[in-house]
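Asks: Next comes run.txt, compact mmCIF, C-alpha atoms:
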```txt
# COMPACT_ATOMS: atom_id res chain seq x y z
CA MET A 13 0.00 0.00 0.00
CA GLY A 14 1.66 3.18 -1.18
CA GLU A 15 2.21 5.98 1.19
CA VAL A 16 0.02 8.98 0.49
CA LYS A 17 1.68 12.29 1.26
CA ALA A 18 -0.52 15.26 1.87
CA ALA A 19 0.34 18.21 -0.30
CA VAL A 20 1.15 21.23 1.78
CA ALA A 21 -0.10 24.42 0.16
CA PRO A 22 2.46 27.20 0.05
CA PRO A 23 1.66 30.21 2.25
CA PRO A 24 -0.34 32.87 0.44
CA PRO A 25 1.53 35.97 -0.66
CA PRO A 26 1.08 39.00 1.57
CA ALA A 27 -2.15 40.71 0.75
CA ALA A 28 -1.95 44.04 -0.96
CA GLU A 29 -5.26 45.13 0.49
CA PRO A 30 -3.90 47.01 3.55
CA ARG A 31 -1.57 49.08 1.33
CA ALA A 32 -4.35 49.80 -1.15
CA SER A 33 -6.63 50.74 1.73
CA ARG A 34 -4.06 53.17 3.11
CA LEU A 35 -3.54 54.75 -0.31
CA SER A 36 -7.29 55.11 -0.75
CA GLU A 37 -7.59 56.76 2.66
CA LEU A 38 -4.73 59.16 1.84
CA ARG A 39 -6.37 60.07 -1.46
CA ARG A 40 -9.67 60.66 0.30
CA ARG A 41 -8.08 62.93 2.91
CA ALA A 42 -6.09 64.81 0.27
CA GLY A 43 -9.26 65.34 -1.76
CA ALA A 44 -11.16 66.57 1.29
CA THR A 45 -8.33 68.96 2.22
CA ALA A 46 -8.14 70.31 -1.32
CA ALA A 47 -11.91 70.78 -1.43
CA ALA A 48 -11.74 72.75 1.82
CA VAL A 49 -8.68 74.89 0.99
CA ILE A 50 -8.65 75.53 -2.75
CA PRO A 51 -12.08 77.24 -3.22
CA PRO A 52 -11.59 79.87 -0.47
CA ALA A 53 -7.96 80.43 -1.56
CA VAL A 54 -9.01 81.02 -5.17
CA THR A 55 -11.86 83.28 -4.05
CA LEU A 56 -9.47 85.29 -1.86
CA LEU A 57 -7.02 85.74 -4.74
CA VAL A 58 -9.81 86.88 -7.06
CA LEU A 59 -11.08 89.39 -4.48
CA LEU A 60 -7.56 90.73 -3.90
CA GLY A 61 -7.11 91.10 -7.65
CA ILE A 62 -10.38 93.02 -7.99
CA TRP A 63 -9.42 95.17 -5.01
CA GLN A 64 -6.02 95.93 -6.55
CA VAL A 65 -7.56 96.87 -9.89
CA MET A 66 -10.23 99.10 -8.33
CA ALA A 67 -7.83 100.84 -5.93
CA GLY A 68 -5.09 101.27 -8.53
CA ASP A 69 -2.25 103.63 -7.67
CA SER A 70 -4.42 106.05 -5.73
CA TYR A 71 -3.10 107.12 -2.33
CA THR A 72 -6.45 108.41 -1.13
CA GLY A 73 -9.22 106.33 0.38
CA VAL A 74 -8.69 102.63 1.02
CA PRO A 75 -5.20 101.55 -0.12
CA SER A 76 -4.61 98.67 -2.50
CA PRO A 77 -3.17 95.34 -1.28
CA LEU A 78 0.26 96.27 -2.70
CA HIS A 79 0.22 99.59 -0.85
CA ILE A 80 -0.80 97.83 2.36
CA TRP A 81 2.11 95.44 2.02
CA ALA A 82 4.55 98.28 1.32
CA GLU A 83 3.35 100.46 4.21
CA SER A 84 2.63 97.78 6.83
CA LYS A 85 5.19 95.12 5.99
CA ASP A 86 6.87 95.34 9.40
CA LEU A 87 3.51 95.09 11.19
CA ILE A 88 2.56 92.03 9.13
CA THR A 89 5.85 90.17 9.38
CA ASP A 90 6.59 90.99 13.05
CA PRO A 91 3.41 91.03 15.16
CA PHE A 92 5.32 90.20 18.37
CA PHE A 93 7.39 93.35 18.95
CA ASP A 94 6.99 95.19 22.26
CA ARG A 95 8.59 98.61 22.67
CA GLY A 96 6.71 99.43 25.86
CA GLY A 97 3.47 101.24 26.56
CA VAL A 98 0.95 100.91 23.73
CA ASP A 99 3.67 100.50 21.09
CA LYS A 100 3.17 96.77 20.68
CA GLY A 101 2.64 94.31 17.85
CA LEU A 102 -0.84 93.18 16.92
CA PHE A 103 -0.36 89.85 18.70
CA TRP A 104 -0.21 91.58 22.09
CA HIS A 105 -3.19 93.81 21.36
CA VAL A 106 -5.27 90.81 20.30
CA LEU A 107 -4.07 88.83 23.32
CA THR A 108 -5.19 91.64 25.66
CA SER A 109 -8.61 91.75 23.99
CA LEU A 110 -8.90 87.96 24.21
CA SER A 111 -8.15 88.03 27.94
CA ARG A 112 -11.02 90.48 28.46
CA VAL A 113 -13.33 88.42 26.29
CA GLY A 114 -12.37 85.27 28.21
CA VAL A 115 -13.40 86.78 31.56
CA GLY A 116 -16.58 88.48 30.37
CA PHE A 117 -17.75 85.59 28.23
CA SER A 118 -17.11 83.02 30.96
CA LEU A 119 -19.30 85.00 33.36
CA SER A 120 -22.04 85.35 30.74
CA ALA A 121 -21.88 81.61 29.93
CA VAL A 122 -22.37 80.57 33.56
CA CYS A 123 -25.11 83.10 34.30
CA GLY A 124 -26.76 82.59 30.91
CA VAL A 125 -27.06 78.83 31.28
CA MET A 126 -28.44 79.16 34.82
CA LEU A 127 -31.03 81.76 33.81
CA GLY A 128 -31.92 79.80 30.68
CA VAL A 129 -32.58 76.67 32.73
CA LEU A 130 -34.69 78.71 35.14
CA ILE A 131 -36.97 80.33 32.57
CA GLY A 132 -37.10 77.15 30.51
CA ALA A 133 -38.13 74.93 33.40
CA ASN A 134 -40.35 77.32 35.34
CA ARG A 135 -43.46 78.71 33.66
CA TRP A 136 -43.79 81.71 35.99
CA ALA A 137 -40.13 82.64 35.60
CA HIS A 138 -40.57 82.48 31.82
CA ARG A 139 -43.61 84.75 31.91
CA GLY A 140 -41.91 87.26 34.18
CA LEU A 141 -38.38 87.37 32.75
CA ASP A 142 -38.63 86.51 29.06
CA PRO A 143 -40.29 89.80 27.97
CA ILE A 144 -37.60 91.77 29.83
CA PHE A 145 -34.82 89.74 28.22
CA GLN A 146 -36.35 90.19 24.78
CA VAL A 147 -36.28 93.98 25.25
CA LEU A 148 -32.76 94.19 26.72
CA ARG A 149 -31.16 91.97 24.08
CA THR A 150 -31.94 94.54 21.37
CA VAL A 151 -29.87 97.27 23.07
CA PRO A 152 -26.62 97.86 21.07
CA PRO A 153 -23.37 97.03 22.89
CA LEU A 154 -22.02 100.57 22.93
CA ALA A 155 -25.24 101.87 24.48
CA TRP A 156 -24.29 100.00 27.66
CA LEU A 157 -20.86 101.68 27.85
CA PRO A 158 -21.93 104.97 29.51
CA ILE A 159 -23.96 103.02 32.08
CA SER A 160 -21.02 100.75 32.87
CA LEU A 161 -18.61 103.69 33.15
CA ALA A 162 -21.00 105.48 35.50
CA ALA A 163 -21.36 102.34 37.62
CA PHE A 164 -17.75 101.12 37.77
CA GLN A 165 -15.76 104.34 37.19
CA GLN A 166 -12.97 102.30 35.56
CA ALA A 167 -12.25 101.14 32.02
CA GLN A 168 -11.45 97.46 32.66
CA PRO A 169 -14.62 96.44 34.57
CA SER A 170 -16.67 98.58 32.19
CA ALA A 171 -15.34 96.62 29.21
CA LEU A 172 -16.05 93.32 30.98
CA PHE A 173 -19.59 94.42 31.74
CA VAL A 174 -20.21 95.35 28.10
CA ILE A 175 -18.99 91.90 27.02
CA PHE A 176 -21.13 90.21 29.64
CA ILE A 177 -24.34 92.10 28.92
CA THR A 178 -23.93 91.73 25.15
CA SER A 179 -23.26 88.00 24.97
CA ILE A 180 -25.59 86.69 27.67
CA TRP A 181 -28.87 86.98 25.75
CA PRO A 182 -28.36 84.32 23.05
CA ILE A 183 -27.11 81.93 25.73
CA ILE A 184 -30.22 82.47 27.86
CA ILE A 185 -32.65 82.17 24.96
CA ASN A 186 -31.09 79.07 23.39
CA THR A 187 -30.75 77.30 26.73
CA ALA A 188 -34.40 78.03 27.57
CA VAL A 189 -35.52 76.68 24.19
CA GLY A 190 -33.49 73.52 24.79
CA VAL A 191 -35.05 72.99 28.22
CA ARG A 192 -38.57 73.44 26.86
CA ASN A 193 -37.83 70.93 24.07
CA ILE A 194 -36.68 68.08 26.32
CA PRO A 195 -38.61 65.00 25.09
CA ALA A 196 -41.51 64.00 27.33
CA ASP A 197 -40.17 60.43 27.45
CA TYR A 198 -37.03 61.67 29.19
CA VAL A 199 -39.10 63.50 31.79
CA ASN A 200 -41.28 60.42 32.38
CA VAL A 201 -38.21 58.21 32.82
CA ALA A 202 -36.85 60.64 35.41
CA LYS A 203 -40.15 60.47 37.30
CA VAL A 204 -40.20 56.67 37.19
CA LEU A 205 -36.62 56.48 38.46
CA ARG A 206 -37.39 59.17 41.05
CA LEU A 207 -34.29 61.15 40.21
CA SER A 208 -33.37 63.97 42.55
CA PRO A 209 -33.17 67.51 41.08
CA VAL A 210 -29.38 67.26 40.93
CA GLU A 211 -29.51 63.86 39.21
CA TYR A 212 -32.17 65.12 36.81
CA PHE A 213 -30.01 68.12 35.91
CA PHE A 214 -26.87 66.11 35.14
CA LYS A 215 -28.43 62.95 33.67
CA ILE A 216 -31.44 64.30 31.77
CA LEU A 217 -31.52 68.07 31.36
CA LEU A 218 -27.88 68.84 30.62
CA PRO A 219 -27.30 66.10 27.97
CA ALA A 220 -30.60 66.93 26.23
CA THR A 221 -29.94 70.68 26.08
CA THR A 222 -26.20 70.63 25.25
CA PRO A 223 -26.69 71.23 21.49
CA TYR A 224 -28.90 74.24 22.23
CA ILE A 225 -26.49 75.58 24.85
CA PHE A 226 -23.53 75.46 22.48
CA THR A 227 -25.52 77.12 19.73
CA GLY A 228 -26.07 80.01 22.13
CA LEU A 229 -22.41 79.95 23.15
CA ARG A 230 -21.26 80.22 19.53
CA ILE A 231 -23.48 83.22 18.97
CA GLY A 232 -22.40 84.70 22.29
CA ILE A 233 -18.66 84.40 21.65
CA GLY A 234 -19.07 86.22 18.34
CA MET A 235 -21.02 89.01 20.01
CA SER A 236 -18.39 89.19 22.77
CA TRP A 237 -15.65 89.75 20.21
CA LEU A 238 -17.71 92.44 18.47
CA ALA A 239 -18.40 94.17 21.78
CA ILE A 240 -14.81 94.27 23.01
CA VAL A 241 -13.44 95.73 19.78
CA ALA A 242 -16.09 98.46 19.77
CA SER A 243 -15.71 99.27 23.48
CA GLU A 244 -11.90 99.40 23.34
CA MET A 245 -12.12 102.13 20.72
CA LEU A 246 -13.67 104.38 23.34
CA LEU A 247 -11.98 103.12 26.51
CA GLY A 248 -8.39 103.33 25.27
CA GLY A 249 -5.38 101.39 26.57
CA VAL A 250 -3.91 98.26 25.02
CA GLY A 251 -6.27 96.23 22.86
CA VAL A 252 -7.08 95.67 19.22
CA GLY A 253 -9.98 98.13 19.31
CA PHE A 254 -7.75 100.86 20.73
CA PHE A 255 -5.10 100.02 18.12
CA ILE A 256 -7.59 100.49 15.27
CA TRP A 257 -8.79 103.83 16.62
CA ASP A 258 -5.24 105.03 17.32
CA GLN A 259 -4.12 104.19 13.77
CA TYR A 260 -7.14 106.02 12.38
CA ASN A 261 -6.17 109.14 14.31
CA SER A 262 -2.65 108.74 12.91
CA GLY A 263 -3.94 108.36 9.36
CA ARG A 264 -2.47 104.85 8.91
CA ILE A 265 -5.29 103.15 7.04
CA SER A 266 -3.03 100.28 5.94
CA ASP A 267 -2.42 99.29 9.56
CA ILE A 268 -6.16 99.36 10.17
CA VAL A 269 -6.75 96.90 7.31
CA VAL A 270 -4.11 94.57 8.76
CA ALA A 271 -5.75 94.82 12.19
CA LEU A 272 -9.16 94.04 10.69
CA ALA A 273 -7.68 90.87 9.17
CA TRP A 274 -6.45 89.88 12.65
CA VAL A 275 -9.89 90.62 14.12
CA GLY A 276 -11.65 88.49 11.52
CA LEU A 277 -9.27 85.56 11.83
CA THR A 278 -9.44 85.66 15.63
CA GLY A 279 -13.25 85.71 15.57
CA PHE A 280 -13.21 82.76 13.17
CA PHE A 281 -10.86 80.87 15.50
CA LEU A 282 -13.08 81.54 18.54
CA ASP A 283 -16.17 80.33 16.70
CA ARG A 284 -14.46 77.13 15.57
CA LEU A 285 -13.06 76.54 19.04
CA VAL A 286 -16.50 76.72 20.68
CA ALA A 287 -17.97 74.59 17.88
CA LEU A 288 -15.28 71.93 18.41
CA LEU A 289 -15.88 71.94 22.16
CA GLY A 290 -19.61 71.56 21.55
CA HIS A 291 -18.99 68.69 19.13
CA VAL A 292 -16.89 66.89 21.74
CA VAL A 293 -19.24 67.51 24.67
CA SER A 294 -22.42 66.64 22.77
CA ARG A 295 -20.76 63.72 20.92
CA GLY A 296 -21.43 65.18 17.51
CA ASN A 297 -24.96 66.47 18.15
CA ALA A 298 -24.15 70.17 18.53
CA ALA A 299 -25.48 72.46 15.84
CA SER A 300 -23.07 73.17 13.00
```
Using structure tokens, write down the structure from this file.

Replies:
Amino acid sequence: MGEVKAAVAPPPPPAAEPRASRLSELRRRAGATAAAVIPPAVTLLVLLGIWQVMAGDSYTGVPSPLHIWAESKDLITDPFFDRGGVDKGLFWHVLTSLSRVGVGFSLSAVCGVMLGVLIGANRWAHRGLDPIFQVLRTVPPLAWLPISLAAFQQAQPSALFVIFITSIWPIIINTAVGVRNIPADYVNVAKVLRLSPVEYFFKILLPATTPYIFTGLRIGIGMSWLAIVASEMLLGGVGVGFFIWDQYNSGRISDIVVALAWVGLTGFFLDRLVALLGHVVSRGNAAS
């Protein structure tokens, strides 16, 4: 009886699928990055070209991009200089404004969420406070400045108050809307489980209203940035608002345009930062 030897199959060659998968993922990411970067870059170049053509070689009015570069090159390339007093680069002015916004906005976020929960959860509080809030939120930021100066007698707390009173309203309103829109099933579950008020707040109310809260926070941070720039123009001292007004008095329009670019980019960064935080906290459910 002949011996039968089992044929041993050679090991399969290493699969090329992981490498192909990685290349496909890289192509997808590169395509997504290009789709996000190229259109705004092209649009910006087109707008700069139109601006250059319309402004031409005129030295009156708003300068052209080439004139801005020629006149404000040092300010653009070195925003970190500090010669003492108010003679500082734009980085330090923006940093000072951001520190004020951080304090004022943090206070408005805490108070706004608490008041929003109150008027959203309590019918009588809503009836009593909501009409007042709806009236006060329409007051322009700078209209609060004389009141704050009369109350605090100092520039720094006056600026913080203007930030606070300007940014608190969207936080209150959005939080209240979120509380009123908590699904009835969630409320019934809390009653069945006999959750305490503290447990209800952290386990039911806060998770359900987080997307609404962060929508209000995104609006509030933008209004905070608008308020501080406007108020610093009148209060003086170090800050991007004061820098813009000081350059206007000096007739340096090119520096003002550079400062406005810093203001816009900083506001964009603040909005994206709050949106990212909301995305993380709400696990992707915060409003875009």

Asks: Of the residues A:Ala239, A:Ala155, A:Ile177, A:Ala202, which is the one nearest to A:Gly253, using all atoms listed in the file?

Replies: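 Of A:Ala239, A:Ala155, A:Ile177, A:Ala202, the one nearest A:Gly253 is A:Ala239, counting all atoms listed in the file.
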
Asks: Quick one: pull the distance between atom CA of A:Ser179 and atom CA of A:Ser236, Å, one decimal.

Replies: 5.5 Å

Asks: Select all residues near (-14.1, 94.7, 22.0) (cut-off 8 Å, inclusive, file coordinates), counting all atoms listed in the file, and output them as a list in words.

Replies: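 Applying the cut-off with all atoms listed in the file, one gets Ser109, Val113, Ala171, Ile175, Ser236, Trp237, Leu238, Ala239, Ile240, Val241, Ala242, Ser243, Glu244, Met245, Val252 and Gly253 of chain A.
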
Asks: Which residues are near stretch 90-100 of chain A? Cut-off 9 Å, only C-alpha atoms, ignore same chain within fewer than 2 positions. Put them as a ChimeraX atom specification.

Replies: /A:85-88,102-105,249-251,255

Asks: Would you mind exporting C-alpha atoms of the selected residues as a PDB file, in the frame of the given file?

Replies:
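Generated output (selection.pdb):
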```pdb
ATOM      1  CA  LYS A  85       5.190  95.120   5.990  1.00  0.00           C
ATOM      2  CA  ASP A  86       6.870  95.340   9.400  1.00  0.00           C
ATOM      3  CA  LEU A  87       3.510  95.090  11.190  1.00  0.00           C
ATOM      4  CA  ILE A  88       2.560  92.030   9.130  1.00  0.00           C
ATOM      5  CA  LEU A 102      -0.840  93.180  16.920  1.00  0.00           C
ATOM      6  CA  PHE A 103      -0.360  89.850  18.700  1.00  0.00           C
ATOM      7  CA  TRP A 104      -0.210  91.580  22.090  1.00  0.00           C
ATOM      8  CA  HIS A 105      -3.190  93.810  21.360  1.00  0.00           C
ATOM      9  CA  GLY A 249      -5.380 101.390  26.570  1.00  0.00           C
ATOM     10  CA  VAL A 250      -3.910  98.260  25.020  1.00  0.00           C
ATOM     11  CA  GLY A 251      -6.270  96.230  22.860  1.00  0.00           C
ATOM     12  CA  PHE A 255      -5.100 100.020  18.120  1.00  0.00           C
TER      13      PHE A 255
END
```

Asks: Provide the atom CA of A:Leu288 to atom CA of A:Gly43 distance in Å, to one decimal place.

Replies: 22.1 Å

Asks: How many Å separate atom CA of A:Leu148 from atom CA of A:Gly276?

Replies: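 Interatomic distance, atom CA of A:Leu148 to atom CA of A:Gly276: 26.6 Å.
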